Amino acid sequence: MSVHRGTTFLTSIALLAVLTACAAPGAAQPDEPPAFVLTSPDIDADGYLPDSARGNVEEYCGDGDNVSPTFEWTGVPDGTKSYLLTMTDPNYPSYIHWVVTGIPGETTELAAAPDGQLSVGVVGTNSRGEGDYVGPCQVDNGYLYTLYALDEVIEGTPTTTLTQAVSLIADHVLGQASVEAMRH
């Protein structure tokens, strides 16, 4: 084997080793966007919301403060122009707790708000009525908060239901992130 062919062979082996290491499972890909993640500092390590988040539908949840939790998110998909935020109960999917459209795309956090009346966006209709929020009611039941990143500014009205909001955002979802929480 000539010196030139031997050097080329060794260079090829070294290049193959580098490429294999880069493609290994779990290896970070340089052009992979960060994950879109929704969190709430109000949810404790065991997944429970504070008592202030308890709903105020007396026959079901008692007389809670009905304060929506604080939310923060990272890894916003490129091109996000607005968000839709929902609160649903996977165990009782027909009961809708919260629908918020028109959250501005530059927003990356929402402060806790009495009756879920945020300083941005439009609170739509839930199972209790127009422009309303119903905090968690059932003890040790999971509630799902989902944030959708949208490629257009999509704003509903206080009469917008979850079904209508889902229709409005069809073909505009760049990403979605969820966090589940329970009440004590």
# chains A, B, ... in the order shown; residues from 1 in each chain; ligands from 1
>>> residues_around(residues="segment 120-123 of chain A", least_positions_apart="5", cutoff="10 Å", atoms="only C-alpha atoms", output="VMD selection string")
chain A and resid 82 to 86 98 to 104 107 110 130 to 133 154 to 161
>>> write_last_selection(atoms="N, CA and C atoms", output="short mmCIF file (atom, residue, chain, number, x, y, z; two decimals), in the first residue's frame")
data_model
loop_
_atom_site.label_atom_id
_atom_site.label_comp_id
_atom_site.auth_asym_id
_atom_site.auth_seq_id
_atom_site.Cartn_x
_atom_site.Cartn_y
_atom_site.Cartn_z
N SER A 82 -48.99 34.73 18.01
CA SER A 82 -49.94 34.77 19.13
C SER A 82 -50.05 33.37 19.73
N TYR A 83 -50.80 33.32 20.85
CA TYR A 83 -51.00 32.05 21.55
C TYR A 83 -52.47 31.86 21.89
N LEU A 84 -52.83 30.58 22.06
CA LEU A 84 -54.12 30.18 22.62
C LEU A 84 -53.78 29.37 23.86
N LEU A 85 -54.44 29.66 24.99
CA LEU A 85 -54.23 28.93 26.23
C LEU A 85 -55.56 28.30 26.64
N THR A 86 -55.52 27.03 27.00
CA THR A 86 -56.74 26.34 27.44
C THR A 86 -56.48 25.61 28.75
N TRP A 98 -61.28 26.88 30.77
CA TRP A 98 -60.68 28.17 30.40
C TRP A 98 -60.26 28.15 28.94
N VAL A 99 -60.54 29.21 28.23
CA VAL A 99 -60.13 29.41 26.84
C VAL A 99 -59.67 30.86 26.72
N VAL A 100 -58.40 31.06 26.32
CA VAL A 100 -57.87 32.42 26.16
C VAL A 100 -57.24 32.52 24.79
N THR A 101 -57.75 33.41 23.95
CA THR A 101 -57.20 33.64 22.61
C THR A 101 -56.48 34.98 22.59
N GLY A 102 -55.72 35.21 21.53
CA GLY A 102 -55.11 36.52 21.30
C GLY A 102 -54.01 36.92 22.25
N ILE A 103 -53.33 35.97 22.87
CA ILE A 103 -52.19 36.31 23.72
C ILE A 103 -51.05 36.70 22.77
N PRO A 104 -50.48 37.90 22.92
CA PRO A 104 -49.45 38.38 21.98
C PRO A 104 -48.23 37.46 21.88
N THR A 107 -45.15 37.53 24.26
CA THR A 107 -45.39 37.16 25.66
C THR A 107 -44.72 35.82 25.96
N LEU A 110 -47.32 34.68 32.01
CA LEU A 110 -48.60 35.25 32.43
C LEU A 110 -48.66 35.20 33.95
N GLU A 130 -69.72 32.97 29.51
CA GLU A 130 -68.87 33.83 28.68
C GLU A 130 -67.82 34.54 29.51
N GLY A 131 -66.61 34.64 28.93
CA GLY A 131 -65.54 35.41 29.54
C GLY A 131 -65.20 34.97 30.95
N ASP A 132 -65.24 33.66 31.20
CA ASP A 132 -65.09 33.15 32.55
C ASP A 132 -63.95 32.14 32.65
N TYR A 133 -63.52 31.91 33.86
CA TYR A 133 -62.51 30.92 34.22
C TYR A 133 -63.04 30.14 35.41
N ILE A 154 -54.49 35.42 16.26
CA ILE A 154 -55.84 34.87 16.25
C ILE A 154 -56.49 35.23 17.58
N GLU A 155 -57.50 36.06 17.49
CA GLU A 155 -58.17 36.55 18.69
C GLU A 155 -59.66 36.28 18.58
N GLY A 156 -60.18 35.61 19.57
CA GLY A 156 -61.61 35.37 19.62
C GLY A 156 -62.31 36.47 20.40
N THR A 157 -63.47 36.13 20.90
CA THR A 157 -64.28 37.07 21.69
C THR A 157 -64.65 36.39 23.00
N PRO A 158 -65.31 37.10 23.92
CA PRO A 158 -65.76 36.44 25.15
C PRO A 158 -66.76 35.30 24.91
N THR A 159 -67.30 35.20 23.70
CA THR A 159 -68.23 34.10 23.41
C THR A 159 -67.54 32.93 22.71
N THR A 160 -66.23 33.02 22.44
CA THR A 160 -65.51 31.95 21.75
C THR A 160 -65.38 30.73 22.65
N THR A 161 -65.89 29.60 22.17
CA THR A 161 -65.82 28.34 22.90
C THR A 161 -64.52 27.61 22.53
#
>>> residues_around(residues="Thr163 of chain A", least_positions_apart="5", cutoff="12 Å", atoms="only C-alpha atoms", output="mmCIF file with C-alpha atoms, in the first residue's frame")
data_model
loop_
_atom_site.group_PDB
_atom_site.id
_atom_site.type_symbol
_atom_site.label_atom_id
_atom_site.label_comp_id
_atom_site.auth_asym_id
_atom_site.auth_seq_id
_atom_site.Cartn_x
_atom_site.Cartn_y
_atom_site.Cartn_z
ATOM 1 C CA THR A 86 -56.738 26.339 27.436
ATOM 2 C CA PRO A 93 -63.520 16.336 28.628
ATOM 3 C CA SER A 94 -66.935 17.902 28.123
ATOM 4 C CA TYR A 95 -66.278 20.372 30.978
ATOM 5 C CA ILE A 96 -64.166 23.277 29.719
ATOM 6 C CA TRP A 98 -60.684 28.173 30.395
ATOM 7 C CA VAL A 99 -60.128 29.410 26.843
ATOM 8 C CA GLY A 124 -63.633 33.064 26.002
ATOM 9 C CA THR A 125 -66.565 30.901 27.025
ATOM 10 C CA ASN A 126 -66.237 27.845 29.210
ATOM 11 C CA SER A 127 -68.779 25.445 30.641
ATOM 12 C CA GLY A 156 -61.609 35.366 19.624
ATOM 13 C CA LEU A 168 -59.827 29.213 14.441
ATOM 14 C CA ILE A 169 -56.303 27.858 14.983
ATOM 15 C CA ALA A 170 -56.536 24.947 12.537
#
>>> atom_distance(atom1="atom CA of Thr88 of chain A", atom2="atom CA of Glu152 of chain A")
23.3 Å
>>> residues_around(residues="segment 61-76 of chain A", least_positions_apart="6", cutoff="8 Å", atoms="only C-alpha atoms", output="PDB file with N, CA and C atoms, in the first residue's frame")
ATOM      1  N   PRO A  33     -34.193  22.940  17.135  1.00  0.00           N
ATOM      2  CA  PRO A  33     -34.683  24.031  17.994  1.00  0.00           C
ATOM      3  C   PRO A  33     -34.940  23.527  19.417  1.00  0.00           C
ATOM      4  N   PRO A  34     -34.875  24.440  20.400  1.00  0.00           N
ATOM      5  CA  PRO A  34     -35.162  24.018  21.770  1.00  0.00           C
ATOM      6  C   PRO A  34     -36.625  23.596  21.895  1.00  0.00           C
ATOM      7  N   ALA A  35     -36.902  22.728  22.842  1.00  0.00           N
ATOM      8  CA  ALA A  35     -38.271  22.241  23.060  1.00  0.00           C
ATOM      9  C   ALA A  35     -39.149  23.380  23.582  1.00  0.00           C
ATOM     10  N   PHE A  36     -40.384  23.406  23.121  1.00  0.00           N
ATOM     11  CA  PHE A  36     -41.392  24.368  23.587  1.00  0.00           C
ATOM     12  C   PHE A  36     -41.947  23.804  24.887  1.00  0.00           C
ATOM     13  N   VAL A  37     -41.724  24.508  26.000  1.00  0.00           N
ATOM     14  CA  VAL A  37     -42.063  23.990  27.323  1.00  0.00           C
ATOM     15  C   VAL A  37     -42.877  25.018  28.104  1.00  0.00           C
ATOM     16  N   LEU A  38     -43.982  24.560  28.688  1.00  0.00           N
ATOM     17  CA  LEU A  38     -44.846  25.376  29.550  1.00  0.00           C
ATOM     18  C   LEU A  38     -44.640  24.920  30.987  1.00  0.00           C
ATOM     19  N   THR A  39     -44.413  25.872  31.897  1.00  0.00           N
ATOM     20  CA  THR A  39     -44.249  25.552  33.320  1.00  0.00           C
ATOM     21  C   THR A  39     -45.047  26.552  34.147  1.00  0.00           C
ATOM     22  N   SER A  40     -45.201  26.219  35.423  1.00  0.00           N
ATOM     23  CA  SER A  40     -45.835  27.132  36.371  1.00  0.00           C
ATOM     24  C   SER A  40     -45.107  27.039  37.701  1.00  0.00           C
ATOM     25  N   PRO A  41     -44.569  28.166  38.183  1.00  0.00           N
ATOM     26  CA  PRO A  41     -43.930  28.143  39.500  1.00  0.00           C
ATOM     27  C   PRO A  41     -44.947  27.913  40.617  1.00  0.00           C
ATOM     28  N   ASP A  42     -46.230  28.007  40.307  1.00  0.00           N
ATOM     29  CA  ASP A  42     -47.276  27.790  41.312  1.00  0.00           C
ATOM     30  C   ASP A  42     -47.558  26.311  41.558  1.00  0.00           C
ATOM     31  N   LEU A  49     -51.498  22.518  42.739  1.00  0.00           N
ATOM     32  CA  LEU A  49     -51.655  23.974  42.721  1.00  0.00           C
ATOM     33  C   LEU A  49     -51.919  24.474  44.138  1.00  0.00           C
ATOM     34  N   ASP A  51     -53.898  26.448  47.178  1.00  0.00           N
ATOM     35  CA  ASP A  51     -55.325  26.531  47.496  1.00  0.00           C
ATOM     36  C   ASP A  51     -55.994  27.726  46.824  1.00  0.00           C
ATOM     37  N   SER A  52     -55.244  28.799  46.574  1.00  0.00           N
ATOM     38  CA  SER A  52     -55.829  29.983  45.930  1.00  0.00           C
ATOM     39  C   SER A  52     -56.338  29.679  44.524  1.00  0.00           C
ATOM     40  N   ALA A  53     -55.843  28.614  43.910  1.00  0.00           N
ATOM     41  CA  ALA A  53     -56.270  28.256  42.552  1.00  0.00           C
ATOM     42  C   ALA A  53     -57.594  27.502  42.535  1.00  0.00           C
ATOM     43  N   ARG A  54     -58.046  27.040  43.691  1.00  0.00           N
ATOM     44  CA  ARG A  54     -59.294  26.257  43.743  1.00  0.00           C
ATOM     45  C   ARG A  54     -60.452  27.070  43.186  1.00  0.00           C
ATOM     46  N   GLY A  55     -61.287  26.419  42.415  1.00  0.00           N
ATOM     47  CA  GLY A  55     -62.446  27.081  41.814  1.00  0.00           C
ATOM     48  C   GLY A  55     -63.448  27.550  42.855  1.00  0.00           C
ATOM     49  N   THR A 108     -44.057  35.717  27.111  1.00  0.00           N
ATOM     50  CA  THR A 108     -43.466  34.445  27.532  1.00  0.00           C
ATOM     51  C   THR A 108     -43.825  34.108  28.978  1.00  0.00           C
ATOM     52  N   GLU A 109     -44.725  34.895  29.564  1.00  0.00           N
ATOM     53  CA  GLU A 109     -45.204  34.581  30.908  1.00  0.00           C
ATOM     54  C   GLU A 109     -46.534  35.281  31.158  1.00  0.00           C
ATOM     55  N   LEU A 110     -47.317  34.682  32.015  1.00  0.00           N
ATOM     56  CA  LEU A 110     -48.597  35.249  32.429  1.00  0.00           C
ATOM     57  C   LEU A 110     -48.658  35.204  33.949  1.00  0.00           C
ATOM     58  N   ALA A 111     -48.982  36.329  34.550  1.00  0.00           N
ATOM     59  CA  ALA A 111     -49.106  36.389  36.003  1.00  0.00           C
ATOM     60  C   ALA A 111     -50.413  35.737  36.440  1.00  0.00           C
ATOM     61  N   ALA A 112     -50.416  35.241  37.673  1.00  0.00           N
ATOM     62  CA  ALA A 112     -51.652  34.713  38.251  1.00  0.00           C
ATOM     63  C   ALA A 112     -52.698  35.813  38.200  1.00  0.00           C
ATOM     64  N   ALA A 113     -53.965  35.412  37.972  1.00  0.00           N
ATOM     65  CA  ALA A 113     -55.011  36.424  37.819  1.00  0.00           C
ATOM     66  C   ALA A 113     -56.307  35.971  38.484  1.00  0.00           C
ATOM     67  N   PRO A 114     -56.910  36.841  39.300  1.00  0.00           N
ATOM     68  CA  PRO A 114     -58.216  36.509  39.883  1.00  0.00           C
ATOM     69  C   PRO A 114     -59.224  36.213  38.774  1.00  0.00           C
ATOM     70  N   ASP A 115     -59.946  35.124  38.922  1.00  0.00           N
ATOM     71  CA  ASP A 115     -60.941  34.678  37.948  1.00  0.00           C
ATOM     72  C   ASP A 115     -60.370  34.512  36.543  1.00  0.00           C
ATOM     73  N   GLY A 116     -59.033  34.319  36.447  1.00  0.00           N
ATOM     74  CA  GLY A 116     -58.399  34.079  35.159  1.00  0.00           C
ATOM     75  C   GLY A 116     -58.478  35.252  34.207  1.00  0.00           C
ATOM     76  N   TYR A 133     -63.518  31.912  33.864  1.00  0.00           N
ATOM     77  CA  TYR A 133     -62.509  30.918  34.220  1.00  0.00           C
ATOM     78  C   TYR A 133     -63.039  30.138  35.408  1.00  0.00           C
ATOM     79  N   VAL A 134     -62.850  28.819  35.388  1.00  0.00           N
ATOM     80  CA  VAL A 134     -63.223  27.983  36.531  1.00  0.00           C
ATOM     81  C   VAL A 134     -61.978  27.208  36.947  1.00  0.00           C
ATOM     82  N   GLY A 135     -61.472  27.528  38.137  1.00  0.00           N
ATOM     83  CA  GLY A 135     -60.304  26.828  38.662  1.00  0.00           C
ATOM     84  C   GLY A 135     -60.611  25.379  38.960  1.00  0.00           C
ATOM     85  N   PRO A 136     -59.578  24.594  39.318  1.00  0.00           N
ATOM     86  CA  PRO A 136     -59.752  23.175  39.616  1.00  0.00           C
ATOM     87  C   PRO A 136     -60.768  22.936  40.725  1.00  0.00           C
ATOM     88  N   CYS A 137     -61.574  21.908  40.563  1.00  0.00           N
ATOM     89  CA  CYS A 137     -62.604  21.571  41.552  1.00  0.00           C
ATOM     90  C   CYS A 137     -62.354  20.239  42.233  1.00  0.00           C
ATOM     91  N   GLN A 138     -62.209  19.187  41.459  1.00  0.00           N
ATOM     92  CA  GLN A 138     -62.106  17.833  42.016  1.00  0.00           C
ATOM     93  C   GLN A 138     -60.732  17.602  42.658  1.00  0.00           C
ATOM     94  N   ALA A 149     -48.734  27.739  20.233  1.00  0.00           N
ATOM     95  CA  ALA A 149     -48.039  28.818  19.538  1.00  0.00           C
ATOM     96  C   ALA A 149     -48.584  28.867  18.116  1.00  0.00           C
TER      97      ALA A 149
END
>>> decode(residues="segment 86-108 of chain A", atoms="N, CA and C atoms", output="PDB file, in the first residue's frame")
ATOM      1  N   THR A  86     -55.521  27.026  26.999  1.00  0.00           N
ATOM      2  CA  THR A  86     -56.738  26.339  27.436  1.00  0.00           C
ATOM      3  C   THR A  86     -56.483  25.612  28.752  1.00  0.00           C
ATOM      4  N   MET A  87     -57.570  25.380  29.479  1.00  0.00           N
ATOM      5  CA  MET A  87     -57.538  24.520  30.656  1.00  0.00           C
ATOM      6  C   MET A  87     -58.675  23.539  30.498  1.00  0.00           C
ATOM      7  N   THR A  88     -58.325  22.256  30.496  1.00  0.00           N
ATOM      8  CA  THR A  88     -59.334  21.206  30.338  1.00  0.00           C
ATOM      9  C   THR A  88     -59.145  20.152  31.427  1.00  0.00           C
ATOM     10  N   ASP A  89     -60.101  19.277  31.513  1.00  0.00           N
ATOM     11  CA  ASP A  89     -60.062  18.180  32.476  1.00  0.00           C
ATOM     12  C   ASP A  89     -60.128  16.885  31.677  1.00  0.00           C
ATOM     13  N   PRO A  90     -58.986  16.187  31.512  1.00  0.00           N
ATOM     14  CA  PRO A  90     -58.982  14.958  30.716  1.00  0.00           C
ATOM     15  C   PRO A  90     -59.972  13.896  31.210  1.00  0.00           C
ATOM     16  N   ASN A  91     -60.307  13.906  32.506  1.00  0.00           N
ATOM     17  CA  ASN A  91     -61.263  12.930  33.034  1.00  0.00           C
ATOM     18  C   ASN A  91     -62.711  13.324  32.762  1.00  0.00           C
ATOM     19  N   TYR A  92     -62.940  14.588  32.493  1.00  0.00           N
ATOM     20  CA  TYR A  92     -64.285  15.110  32.168  1.00  0.00           C
ATOM     21  C   TYR A  92     -64.139  16.044  30.970  1.00  0.00           C
ATOM     22  N   PRO A  93     -63.844  15.505  29.789  1.00  0.00           N
ATOM     23  CA  PRO A  93     -63.520  16.336  28.628  1.00  0.00           C
ATOM     24  C   PRO A  93     -64.633  17.273  28.177  1.00  0.00           C
ATOM     25  N   SER A  94     -65.852  17.012  28.545  1.00  0.00           N
ATOM     26  CA  SER A  94     -66.935  17.902  28.123  1.00  0.00           C
ATOM     27  C   SER A  94     -66.987  19.179  28.978  1.00  0.00           C
ATOM     28  N   TYR A  95     -66.285  19.187  30.124  1.00  0.00           N
ATOM     29  CA  TYR A  95     -66.278  20.372  30.978  1.00  0.00           C
ATOM     30  C   TYR A  95     -65.037  21.191  30.649  1.00  0.00           C
ATOM     31  N   ILE A  96     -65.260  22.385  30.121  1.00  0.00           N
ATOM     32  CA  ILE A  96     -64.166  23.277  29.719  1.00  0.00           C
ATOM     33  C   ILE A  96     -63.988  24.338  30.803  1.00  0.00           C
ATOM     34  N   HIS A  97     -62.753  24.508  31.257  1.00  0.00           N
ATOM     35  CA  HIS A  97     -62.460  25.437  32.353  1.00  0.00           C
ATOM     36  C   HIS A  97     -62.020  26.820  31.884  1.00  0.00           C
ATOM     37  N   TRP A  98     -61.277  26.881  30.771  1.00  0.00           N
ATOM     38  CA  TRP A  98     -60.684  28.173  30.395  1.00  0.00           C
ATOM     39  C   TRP A  98     -60.257  28.147  28.942  1.00  0.00           C
ATOM     40  N   VAL A  99     -60.544  29.214  28.229  1.00  0.00           N
ATOM     41  CA  VAL A  99     -60.128  29.410  26.843  1.00  0.00           C
ATOM     42  C   VAL A  99     -59.665  30.859  26.723  1.00  0.00           C
ATOM     43  N   VAL A 100     -58.403  31.060  26.324  1.00  0.00           N
ATOM     44  CA  VAL A 100     -57.874  32.424  26.163  1.00  0.00           C
ATOM     45  C   VAL A 100     -57.241  32.525  24.785  1.00  0.00           C
ATOM     46  N   THR A 101     -57.755  33.407  23.949  1.00  0.00           N
ATOM     47  CA  THR A 101     -57.203  33.636  22.613  1.00  0.00           C
ATOM     48  C   THR A 101     -56.476  34.978  22.594  1.00  0.00           C
ATOM     49  N   GLY A 102     -55.715  35.214  21.528  1.00  0.00           N
ATOM     50  CA  GLY A 102     -55.113  36.521  21.297  1.00  0.00           C
ATOM     51  C   GLY A 102     -54.010  36.918  22.255  1.00  0.00           C
ATOM     52  N   ILE A 103     -53.333  35.969  22.873  1.00  0.00           N
ATOM     53  CA  ILE A 103     -52.187  36.308  23.715  1.00  0.00           C
ATOM     54  C   ILE A 103     -51.054  36.704  22.766  1.00  0.00           C
ATOM     55  N   PRO A 104     -50.476  37.904  22.916  1.00  0.00           N
ATOM     56  CA  PRO A 104     -49.453  38.381  21.977  1.00  0.00           C
ATOM     57  C   PRO A 104     -48.234  37.455  21.879  1.00  0.00           C
ATOM     58  N   GLY A 105     -47.684  37.349  20.685  1.00  0.00           N
ATOM     59  CA  GLY A 105     -46.564  36.461  20.407  1.00  0.00           C
ATOM     60  C   GLY A 105     -45.292  36.770  21.160  1.00  0.00           C
ATOM     61  N   GLU A 106     -45.104  38.007  21.604  1.00  0.00           N
ATOM     62  CA  GLU A 106     -43.887  38.344  22.352  1.00  0.00           C
ATOM     63  C   GLU A 106     -43.992  37.981  23.836  1.00  0.00           C
ATOM     64  N   THR A 107     -45.154  37.533  24.263  1.00  0.00           N
ATOM     65  CA  THR A 107     -45.392  37.155  25.658  1.00  0.00           C
ATOM     66  C   THR A 107     -44.720  35.822  25.961  1.00  0.00           C
ATOM     67  N   THR A 108     -44.057  35.717  27.111  1.00  0.00           N
ATOM     68  CA  THR A 108     -43.466  34.445  27.532  1.00  0.00           C
ATOM     69  C   THR A 108     -43.825  34.108  28.978  1.00  0.00           C
TER      70      THR A 108
END
